[in-house]
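Everything below belongs to query_25.cif, which stores mmCIF, C-alpha atoms.
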data_structure
#
loop_
_atom_site.label_atom_id
_atom_site.label_comp_id
_atom_site.auth_asym_id
_atom_site.auth_seq_id
_atom_site.Cartn_x
_atom_site.Cartn_y
_atom_site.Cartn_z
CA MET E 1 -61.34 -13.05 -3.97
CA ARG E 2 -58.31 -13.37 -1.73
CA ALA E 3 -57.16 -16.45 -3.68
CA ALA E 4 -57.50 -14.56 -6.93
CA ILE E 5 -55.39 -11.72 -5.65
CA ARG E 6 -52.64 -14.04 -4.48
CA SER E 7 -52.50 -15.74 -7.88
CA ALA E 8 -52.14 -12.42 -9.63
CA LEU E 9 -49.36 -11.44 -7.26
CA LEU E 10 -47.41 -14.64 -7.82
CA LEU E 11 -47.68 -14.30 -11.56
CA ALA E 12 -46.57 -10.73 -11.42
CA LEU E 13 -43.57 -11.55 -9.26
CA ALA E 14 -42.63 -14.42 -11.51
CA GLY E 15 -42.76 -12.07 -14.46
CA CYS E 16 -40.67 -9.54 -12.63
CA PHE E 17 -37.98 -12.12 -11.85
CA CYS E 18 -37.78 -13.22 -15.46
CA GLY E 19 -37.69 -9.73 -16.80
CA GLY E 20 -35.42 -8.49 -14.08
CA GLY E 21 -33.03 -11.35 -14.64
CA ALA E 22 -32.71 -10.65 -18.34
CA PHE E 23 -32.49 -6.92 -17.80
CA ALA E 24 -29.68 -7.32 -15.31
CA GLN E 25 -27.52 -9.23 -17.77
CA ALA E 26 -26.81 -6.15 -19.86
CA PRO E 27 -24.92 -7.38 -22.99
CA ALA E 28 -26.15 -10.93 -22.50
CA SER E 29 -29.69 -9.68 -22.22
CA VAL E 30 -30.03 -10.00 -25.96
CA GLY E 31 -29.71 -13.72 -25.41
CA VAL E 32 -26.59 -14.13 -27.48
CA ASP E 33 -22.85 -14.17 -27.23
CA ALA E 34 -21.07 -12.65 -30.20
CA VAL E 35 -17.52 -13.93 -30.31
CA PRO E 36 -15.18 -12.66 -33.05
CA VAL E 37 -13.04 -15.60 -34.09
CA GLN E 38 -11.36 -14.26 -37.20
CA GLY E 39 -10.66 -10.82 -38.57
CA LEU E 40 -10.97 -9.73 -42.17
CA SER E 41 -7.51 -10.20 -43.60
CA PHE E 42 -6.58 -8.82 -47.00
CA GLY E 43 -2.96 -9.89 -46.67
CA PRO E 44 -0.23 -8.34 -48.81
CA LEU E 45 -1.46 -5.74 -51.27
CA ILE E 46 0.21 -4.25 -54.30
CA PRO E 47 -0.24 -0.49 -54.77
CA GLY E 48 -2.86 0.16 -57.42
CA VAL E 49 -4.26 -3.37 -57.37
CA SER E 50 -7.57 -3.93 -55.57
CA GLU E 51 -7.98 -7.07 -53.53
CA ALA E 52 -11.33 -8.71 -52.82
CA VAL E 53 -11.92 -11.21 -50.04
CA PRO E 54 -15.02 -13.20 -51.03
CA VAL E 55 -17.32 -14.20 -48.22
CA THR E 56 -16.60 -17.78 -49.25
CA ASP E 57 -12.89 -17.39 -48.52
CA ALA E 58 -12.70 -19.26 -45.24
CA GLY E 59 -9.11 -18.28 -44.62
CA ARG E 60 -9.44 -14.52 -44.96
CA ARG E 61 -13.07 -13.54 -44.30
CA ALA E 62 -14.18 -12.21 -40.94
CA GLU E 63 -16.11 -14.60 -38.73
CA ILE E 64 -18.20 -13.95 -35.67
CA VAL E 65 -19.79 -16.81 -33.78
CA LEU E 66 -23.29 -16.11 -32.52
CA ASN E 67 -24.29 -18.35 -29.63
CA GLY E 68 -27.76 -18.09 -28.21
CA HIS E 69 -31.41 -18.14 -28.84
CA GLY E 70 -33.97 -15.69 -30.06
CA THR E 71 -34.55 -12.94 -32.55
CA LEU E 72 -31.82 -10.37 -33.00
CA ASP E 73 -31.18 -7.34 -35.14
CA VAL E 74 -27.58 -7.37 -36.31
CA THR E 75 -25.96 -4.18 -37.58
CA LEU E 76 -22.42 -3.89 -38.86
CA VAL E 77 -20.73 -0.51 -38.66
CA LEU E 78 -18.37 -0.75 -41.59
CA PRO E 79 -15.28 1.44 -41.88
CA ALA E 80 -14.71 3.40 -45.08
CA SER E 81 -10.98 2.81 -44.90
CA MET E 82 -8.14 1.21 -43.03
CA VAL E 83 -5.49 3.39 -41.46
CA SER E 84 -1.73 2.98 -41.14
CA PRO E 85 0.24 3.96 -38.03
CA THR E 86 1.30 7.11 -39.87
CA GLY E 87 -2.28 8.03 -40.69
CA ALA E 88 -2.36 6.96 -44.34
CA ARG E 89 -5.75 5.66 -45.43
CA LEU E 90 -6.59 2.67 -47.58
CA PRO E 91 -10.19 2.68 -48.85
CA LEU E 92 -12.50 -0.27 -48.30
CA LEU E 93 -15.57 -1.30 -50.23
CA PHE E 94 -18.41 -3.45 -48.92
CA THR E 95 -21.39 -4.55 -50.96
CA ALA E 96 -24.65 -6.29 -50.14
CA ARG E 97 -23.07 -9.55 -51.27
CA ASP E 98 -20.17 -9.41 -48.83
CA GLY E 99 -22.06 -10.87 -45.87
CA ALA E 100 -23.43 -14.30 -45.11
CA LEU E 101 -24.84 -16.29 -42.24
CA MET E 102 -23.74 -19.88 -41.76
CA ARG E 103 -26.07 -21.95 -39.60
CA ASN E 104 -23.61 -24.82 -39.47
CA VAL E 105 -20.54 -25.85 -41.34
CA SER E 106 -22.39 -28.25 -43.63
CA ALA E 107 -25.18 -25.85 -44.56
CA SER E 108 -25.12 -23.44 -47.44
CA LEU E 109 -24.51 -19.78 -46.73
CA LEU E 110 -27.53 -17.56 -46.19
CA PRO E 111 -27.45 -14.03 -47.61
CA PHE E 112 -26.69 -11.30 -45.11
CA ASP E 113 -26.57 -7.72 -46.29
CA PRO E 114 -23.82 -6.05 -44.25
CA LEU E 115 -24.94 -2.62 -45.38
CA ASN E 116 -28.26 -2.87 -43.58
CA THR E 117 -29.56 -4.08 -40.27
CA THR E 118 -30.61 -7.68 -40.65
CA ARG E 119 -32.97 -9.63 -38.39
CA VAL E 120 -31.57 -13.01 -37.41
CA ARG E 121 -33.35 -15.78 -35.57
CA LEU E 122 -31.10 -18.04 -33.55
CA ASP E 123 -32.13 -21.44 -32.35
CA ALA E 124 -29.91 -22.73 -29.60
CA SER E 125 -30.91 -26.28 -30.43
CA GLN E 126 -29.22 -25.90 -33.82
CA GLY E 127 -25.94 -24.78 -32.35
CA PRO E 128 -24.08 -21.55 -32.96
CA ALA E 129 -24.37 -19.59 -36.17
CA ARG E 130 -21.53 -17.79 -37.84
CA LEU E 131 -21.72 -14.30 -39.28
CA LEU E 132 -19.30 -13.99 -42.19
CA LEU E 133 -17.97 -10.89 -43.88
CA GLY E 134 -15.83 -10.30 -46.93
CA GLY E 135 -14.91 -7.04 -48.60
CA THR E 136 -12.60 -5.29 -51.01
CA ALA E 137 -9.50 -3.22 -50.33
CA LEU E 138 -8.72 -0.49 -52.84
CA PRO E 139 -5.08 0.57 -52.52
CA SER E 140 -4.19 3.44 -54.78
CA ARG E 141 -1.15 3.43 -56.99
CA GLU E 142 0.32 5.95 -54.57
CA GLN E 143 -0.50 3.85 -51.51
CA THR E 144 2.22 4.07 -48.89
CA ALA E 145 3.81 0.76 -47.93
CA GLY E 146 3.06 -0.58 -44.47
CA SER E 147 0.40 -2.17 -42.33
CA TYR E 148 -3.18 -0.94 -42.22
CA THR E 149 -5.94 -1.76 -39.77
CA ALA E 150 -9.58 -0.96 -39.15
CA THR E 151 -12.29 -2.02 -36.76
CA ILE E 152 -15.67 -3.36 -37.80
CA LEU E 153 -18.26 -2.81 -35.12
CA VAL E 154 -20.99 -5.39 -34.61
CA VAL E 155 -24.13 -4.17 -32.88
CA ILE E 156 -26.66 -6.77 -31.79
CA THR E 157 -30.02 -5.57 -30.61
CA ASN E 158 -32.86 -7.51 -29.12
CA PRO E 159 -35.89 -5.97 -30.79
CA GLY E 160 -37.96 -6.68 -27.70
CA THR E 161 -41.31 -8.42 -27.40
CA MET Z 1 -55.81 -3.62 5.36
CA LYS Z 2 -53.75 -6.67 4.51
CA LYS Z 3 -55.91 -7.31 1.47
CA LEU Z 4 -55.46 -3.75 0.31
CA ALA Z 5 -51.68 -3.98 0.59
CA LEU Z 6 -51.53 -7.15 -1.46
CA THR Z 7 -53.67 -5.63 -4.16
CA ALA Z 8 -51.47 -2.58 -4.40
CA LEU Z 9 -48.33 -4.68 -4.64
CA ALA Z 10 -49.80 -6.87 -7.34
CA ALA Z 11 -50.88 -3.87 -9.35
CA ALA Z 12 -47.44 -2.32 -9.06
CA ALA Z 13 -45.78 -5.52 -10.18
CA LEU Z 14 -48.09 -5.91 -13.14
CA LEU Z 15 -47.46 -2.33 -14.23
CA ALA Z 16 -43.72 -2.79 -13.99
CA LEU Z 17 -43.57 -5.97 -16.02
CA PRO Z 18 -44.36 -4.60 -19.49
CA SER Z 19 -41.61 -2.05 -19.37
CA LEU Z 20 -39.03 -4.70 -18.57
CA ALA Z 21 -40.23 -7.17 -21.15
CA SER Z 22 -40.27 -4.71 -24.00
CA ALA Z 23 -37.00 -2.99 -23.20
CA GLN Z 24 -34.49 -3.20 -26.02
CA SER Z 25 -30.99 -4.23 -25.09
CA THR Z 26 -27.86 -4.01 -27.12
CA ALA Z 27 -24.58 -5.81 -27.27
CA THR Z 28 -21.61 -4.72 -29.30
CA GLY Z 29 -18.43 -6.37 -30.45
CA SER Z 30 -15.70 -5.65 -32.91
CA ILE Z 31 -13.69 -7.40 -35.58
CA GLY Z 32 -10.42 -6.30 -37.00
CA ALA Z 33 -9.62 -5.75 -40.66
CA THR Z 34 -6.00 -5.80 -41.72
CA ALA Z 35 -3.83 -5.45 -44.80
CA THR Z 36 -0.21 -4.85 -45.60
CA VAL Z 37 0.78 -2.79 -48.58
CA SER Z 38 3.86 -4.43 -49.99
CA THR Z 39 7.21 -2.77 -50.30
CA VAL Z 40 8.18 -2.00 -53.87
CA LEU Z 41 11.94 -2.01 -54.41
CA ASP Z 42 13.03 -3.37 -57.76
CA PHE Z 43 16.02 -2.82 -59.97
CA GLY Z 44 15.48 -2.90 -63.72
CA THR Z 45 17.92 -3.75 -66.47
CA SER Z 46 21.08 -1.75 -66.93
CA PRO Z 47 22.56 -1.03 -70.35
CA GLY Z 48 25.95 -1.12 -68.67
CA ILE Z 49 28.94 1.17 -68.89
CA ASP Z 50 31.24 0.84 -71.89
CA PHE Z 51 34.67 2.41 -71.54
CA GLY Z 52 35.33 1.62 -75.17
CA GLN Z 53 38.69 0.78 -76.67
CA VAL Z 54 41.53 2.09 -74.56
CA THR Z 55 45.12 2.20 -75.64
CA PRO Z 56 47.57 0.87 -73.05
CA GLY Z 57 49.22 3.69 -71.22
CA THR Z 58 46.17 5.96 -71.52
CA THR Z 59 42.96 6.63 -69.65
CA SER Z 60 39.55 6.17 -71.15
CA ALA Z 61 37.11 8.96 -71.70
CA SER Z 62 34.67 9.62 -68.88
CA VAL Z 63 31.53 7.62 -69.45
CA SER Z 64 28.31 7.05 -67.54
CA GLY Z 65 25.99 4.16 -66.98
CA TYR Z 66 22.85 3.65 -65.00
CA ILE Z 67 20.45 1.10 -63.62
CA PRO Z 68 16.77 2.00 -63.17
CA PHE Z 69 14.89 1.14 -60.02
CA THR Z 70 11.40 1.60 -58.61
CA ARG Z 71 10.52 2.01 -54.96
CA ASN Z 72 7.77 3.09 -52.60
CA VAL Z 73 9.92 3.10 -49.48
CA GLY Z 74 12.97 4.84 -48.14
CA VAL Z 75 16.23 3.23 -49.24
CA SER Z 76 19.82 2.95 -48.08
CA PHE Z 77 22.53 2.16 -50.61
CA THR Z 78 25.72 0.25 -50.00
CA LEU Z 79 28.47 -0.94 -52.33
CA PRO Z 80 29.18 -4.50 -51.18
CA ASP Z 81 32.44 -4.75 -53.13
CA GLY Z 82 33.80 -1.69 -51.34
CA ALA Z 83 37.13 -0.60 -52.73
CA THR Z 84 36.91 -3.01 -55.65
CA THR Z 85 33.55 -1.77 -56.88
CA GLY Z 86 33.30 -2.24 -60.63
CA ARG Z 87 36.67 -4.00 -60.99
CA LEU Z 88 37.16 -5.36 -64.52
CA THR Z 89 38.72 -8.75 -65.20
CA ARG Z 90 40.15 -9.88 -68.53
CA ALA Z 91 38.14 -12.58 -70.22
CA GLY Z 92 40.04 -15.85 -69.95
CA GLY Z 93 42.56 -14.37 -67.58
CA THR Z 94 43.04 -12.97 -64.13
CA GLU Z 95 44.35 -9.50 -64.96
CA THR Z 96 42.23 -6.69 -63.62
CA LEU Z 97 41.62 -3.00 -64.16
CA GLN Z 98 40.06 -0.79 -61.50
CA PRO Z 99 37.83 2.00 -62.78
CA ALA Z 100 37.80 5.30 -60.97
CA PHE Z 101 34.36 6.72 -60.50
CA SER Z 102 34.20 10.47 -60.37
CA ALA Z 103 30.51 10.67 -59.60
CA CYS Z 104 27.75 8.37 -58.53
CA GLY Z 105 24.31 8.71 -57.03
CA VAL Z 106 20.63 8.75 -57.82
CA GLY Z 107 18.75 10.81 -60.37
CA THR Z 108 15.23 11.10 -61.61
CA THR Z 109 16.62 10.87 -65.14
CA ASN Z 110 19.31 8.48 -66.34
CA SER Z 111 21.85 11.24 -66.96
CA THR Z 112 21.82 13.68 -64.05
CA ILE Z 113 22.61 12.86 -60.45
CA SER Z 114 20.36 14.72 -58.03
CA SER Z 115 21.33 12.85 -54.87
CA ALA Z 116 25.03 12.04 -54.84
CA PHE Z 117 26.51 9.13 -52.95
CA THR Z 118 29.12 10.01 -50.36
CA ALA Z 119 31.57 7.67 -52.09
CA CYS Z 120 31.69 5.58 -55.26
CA GLY Z 121 33.99 2.89 -53.96
CA GLY Z 122 37.70 3.32 -53.42
CA SER Z 123 39.72 3.08 -50.25
CA GLY Z 124 37.87 3.43 -46.99
CA ILE Z 125 34.63 2.03 -48.36
CA THR Z 126 33.52 -1.25 -46.89
CA SER Z 127 30.63 -3.50 -47.76
CA ALA Z 128 28.72 -2.01 -44.83
CA SER Z 129 29.33 1.61 -45.70
CA VAL Z 130 26.07 3.39 -46.44
CA VAL Z 131 26.87 5.69 -49.31
CA GLY Z 132 23.42 7.16 -49.83
CA THR Z 133 19.94 7.28 -48.41
CA LEU Z 134 16.61 8.30 -49.86
CA ALA Z 135 13.44 9.12 -47.95
CA ALA Z 136 10.22 7.31 -48.75
CA PRO Z 137 8.35 8.94 -51.61
CA THR Z 138 5.17 10.67 -50.60
CA ALA Z 139 3.28 9.95 -53.79
CA GLY Z 140 3.65 6.23 -54.15
CA PRO Z 141 6.07 4.22 -56.23
CA THR Z 142 8.65 6.30 -58.02
CA SER Z 143 11.13 5.39 -60.76
CA GLU Z 144 14.70 6.60 -60.44
CA PHE Z 145 18.21 5.72 -61.63
CA VAL Z 146 21.48 4.89 -59.96
CA ILE Z 147 24.15 6.52 -62.08
CA PHE Z 148 27.89 5.93 -62.14
CA THR Z 149 30.36 8.06 -64.07
CA GLY Z 150 34.02 7.20 -64.36
CA THR Z 151 37.14 6.32 -66.29
CA VAL Z 152 39.53 3.43 -66.44
CA ALA Z 153 43.28 3.84 -66.69
CA VAL Z 154 45.04 1.11 -68.64
CA PRO Z 155 48.68 0.50 -67.75
CA THR Z 156 51.21 0.25 -70.51
CA ALA Z 157 51.85 -3.37 -69.62
CA ALA Z 158 48.19 -4.34 -69.64
CA VAL Z 159 47.40 -7.58 -71.45
CA PRO Z 160 45.19 -6.88 -74.45
CA GLY Z 161 41.70 -8.29 -74.29
CA THR Z 162 38.18 -7.62 -73.21
CA TYR Z 163 37.74 -6.68 -69.59
CA ALA Z 164 34.38 -6.91 -67.89
CA GLY Z 165 33.05 -6.49 -64.40
CA THR Z 166 30.04 -5.61 -62.35
CA ILE Z 167 29.17 -2.65 -60.22
CA LYS Z 168 27.25 -4.14 -57.33
CA ILE Z 169 24.79 -1.87 -55.58
CA MET Z 170 22.71 -2.99 -52.67
CA ALA Z 171 19.51 -1.15 -51.84
CA THR Z 172 17.91 -1.83 -48.48
CA ALA Z 173 14.45 -0.60 -47.58
CA ASN Z 174 14.48 1.62 -44.52
#

Would it be possible to restate this file's structure as structure tokens?
Amino acid sequence: MRAAIRSALLLALAGCFCGGGAFAQAPASVGVDAVPVQGLSFGPLIPGVSEAVPVTDAGRRAEIVLNGHGTLDVTLVLPASMVSPTGARLPLLFTARDGALMRNVSASLLPFDPLNTTRVRLDASQGPARLLLGGTALPSREQTAGSYTATILVVITNPGT
Amino acid sequence: MKKLALTALAAAALLALPSLASAQSTATGSIGATATVSTVLDFGTSPGIDFGQVTPGTTSASVSGYIPFTRNVGVSFTLPDGATTGRLTRAGGTETLQPAFSACGVGTTNSTISSAFTACGGSGITSASVVGTLAAPTAGPTSEFVIFTGTVAVPTAAVPGTYAGTIKIMATAN
């Protein structure tokens, strides 16, 4: 009976250390590092002429490297517009086809709907994955000249066990 | 007593474990999106200014000419030829005639100046002199006209022929 109790205690403590360790790592507790390596760049725009950046455009699409292991829920908080320093707005459009997941550089792109939370399984043994995002800028004919910026928020959640 | 303490600790640890293992955790990051809306500042084609046939010893009638331009930014205008703006030179020769411009500036039509330049050339104007500025339009690209109105005086001794020249206007985006 005493031996049984000790075994249970050891198992419990071991479980606590594992869980406690992961819990203490806050952002890393999801088991992944999300590293933005390239922003979404529309480049020069002409007023009144929309500009699409396909997700296949390696030079202009956004790229986030996901390093890690496990199952993750990835949500993108997409801005409705970009803003100039003077407050002028330039509308953006994202569709379900504007996202993709690239397991490695030689693999084909996997669909990733940026409009909805998508569950992604990472396998550290396969190396990092890349989350890719394109989009469309819709400058109006009256669009004020100048630079415009926006921030795309990436939220990665460990759905738990 | 020792056995009881161990049992309690084990139970507490086992109860605590599920809440840690099932806790959701979140990480966030951000990516930038950027674009630059290009400056539009283009001159179109000018029909020119024709002073017509002028008899030596007289001055031509006052005539106007314009050049259209489109912009979506504020603009500063200079006349790089300064005092010799619009000087006419005889074809095949070196003789010149200097027009006198009585009015110049920008209009929303090709005939009426709504924003006059401070000078249309003449003495005191250098290539760096800003003769007019326009604020950026608030409703996108706008089409306007630079208009010059003037005369040319032909001296009695002027060599007959066709005289031609160019009014150079430089527009710089602010």

Per-residue nearest contacts of region 105-150 of chain Z to region 37-59 of chain Z (10 Å; all atoms listed in the file) as a tab-separated table:
residue	atom	partner	partner_atom	distance
Z:Gly140	CA	Z:Val40	CA	9.4
Z:Pro141	CA	Z:Val40	CA	7.0
Z:Thr142	CA	Z:Val40	CA	9.3
Z:Ser143	CA	Z:Asp42	CA	9.5
Z:Glu144	CA	Z:Phe43	CA	9.5
Z:Phe145	CA	Z:Phe43	CA	9.0
Z:Val146	CA	Z:Phe43	CA	9.4
Z:Ile147	CA	Z:Ile49	CA	9.9
Z:Phe148	CA	Z:Ile49	CA	8.3
Z:Thr149	CA	Z:Ile49	CA	8.5
Z:Gly150	CA	Z:Phe51	CA	8.7

Output file for the selection above: C-alpha atoms, as a CSV table (one decimal), in the coordinates of the input:
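Dumped to again.csv:
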chain,number,residue,atom,x,y,z
Z,140,GLY,CA,3.6,6.2,-54.2
Z,141,PRO,CA,6.1,4.2,-56.2
Z,142,THR,CA,8.6,6.3,-58.0
Z,143,SER,CA,11.1,5.4,-60.8
Z,144,GLU,CA,14.7,6.6,-60.4
Z,145,PHE,CA,18.2,5.7,-61.6
Z,146,VAL,CA,21.5,4.9,-60.0
Z,147,ILE,CA,24.2,6.5,-62.1
Z,148,PHE,CA,27.9,5.9,-62.1
Z,149,THR,CA,30.4,8.1,-64.1
Z,150,GLY,CA,34.0,7.2,-64.4

Quiz item: What does the distance from CA of Glu95 (chain Z) to CA of Ser129 (chain Z) come to in Å, to one decimal?
Solution: 26.8 Å

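Applied to this file, the PyMOL selection byres ((chain E and resi 124) around 12) selects E:Gly31, E:Val32, E:Asp33, E:Leu66, E:Asn67, E:Gly68, E:His69, E:Gly70, E:Thr71, E:Arg103, E:Asn104, E:Arg121, E:Leu122, E:Asp123, E:Ser125, E:Gln126, E:Gly127, E:Pro128, E:Ala129.
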
Quiz item: Given the file above and the PyMOL selection byres ((chain E and resi 74-80) around 8), which residues are selected, and can you give them as a PyMOL selection string?
Solution: chain E and resi 72-73+81-82+91-94+114-120+150-157

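Minimum atom-to-atom distance to Gly134 (chain E), evaluated using all atoms listed in the file, belongs to Z:Gly32 out of Z:Ala91, Z:Gly32, Z:Ala27, Z:Arg71.
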
Spatial neighbours of region 81-90 of chain Z, 6 Å, only C-alpha atoms, chain gap at least 4 places, as a short mmCIF file (atom, residue, chain, number, x, y, z; two decimals) with C-alpha atoms, keeping the file's coordinate frame:
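Output saved as selection-v6.cif:
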data_model
loop_
_atom_site.label_atom_id
_atom_site.label_comp_id
_atom_site.auth_asym_id
_atom_site.auth_seq_id
_atom_site.Cartn_x
_atom_site.Cartn_y
_atom_site.Cartn_z
CA GLU Z 95 44.35 -9.50 -64.96
CA THR Z 96 42.23 -6.69 -63.62
CA LEU Z 97 41.62 -3.00 -64.16
CA GLN Z 98 40.06 -0.79 -61.50
CA GLY Z 121 33.99 2.89 -53.96
CA GLY Z 122 37.70 3.32 -53.42
CA SER Z 123 39.72 3.08 -50.25
CA ILE Z 125 34.63 2.03 -48.36
CA THR Z 126 33.52 -1.25 -46.89
CA SER Z 127 30.63 -3.50 -47.76
CA THR Z 162 38.18 -7.62 -73.21
CA TYR Z 163 37.74 -6.68 -69.59
CA ALA Z 164 34.38 -6.91 -67.89
CA GLY Z 165 33.05 -6.49 -64.40
CA THR Z 166 30.04 -5.61 -62.35
CA ILE Z 167 29.17 -2.65 -60.22
#

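Shown here are all protein and nucleic acid residues lying within 7 Å of (-1.9, -9.5, -48.9), with all atoms listed in the file considered: Phe42, Gly43, Pro44 and Leu45 of chain E; Ala35 and Thr36 of chain Z.
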
Quiz item: How many Å lie between CA of Gly105 (chain Z) and CA of Thr138 (chain Z), rounded to one decimal?
Solution: 20.3 Å

Exercise. Report as a PyMOL selection string the residues that result from applying the PyMOL selection byres ((chain Z and resi 110) around 10) to the structure here.
Key: chain Z and resi 64-68+106-109+111-113+144-148

Quiz prompt | Nearest to Glu142 (chain E), chosen from Z:Ser115, Z:Asn72, Z:Thr34, Z:Thr28, with all atoms listed in the file counted in the distances | solution =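 Of the candidates, the smallest distance to Glu142 (chain E) is held by Z:Asn72.
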
Self-check item: Which residue of Z:Val73, Z:Ile31, Z:Val154, Z:Val159 approaches Val37 (chain E) most closely, using all atoms listed in the file
Solution: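 Closest to Val37 (chain E), using all atoms listed in the file: Z:Ile31.
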
Exercise. Quick one: everything within 6 Å of region 47-57 of chain E, counting all atoms listed in the file, minus sequence neighbours fewer than 3 positions away in the same chain. Send it as number ranges by chain.
Key: E: 60-61, 98, 133-141, 143

Quiz item: Counting all atoms listed in the file, which of Z:Thr133, Z:Ser62, Z:Asn174, Z:Ser102 gets nearest to chain E?
Solution: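 Smallest separation from chain E among the options: Z:Asn174.
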
Quiz item: Skipping near chain neighbours, those fewer than 2 positions away, what residues fall within 9 Å of Thr172 (chain Z) using all atoms listed in the file, listed as a list of chain:residue names?
Solution: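 That gives Z:Leu41, Z:Gly74, Z:Val75, Z:Ser76, Z:Phe77, Z:Thr78, Z:Met170, Z:Asn174.
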
Self-check item: Atom pair CA of Cys104 (chain Z) / CA of Phe117 (chain Z): separation (Å)
Solution: 5.8 Å
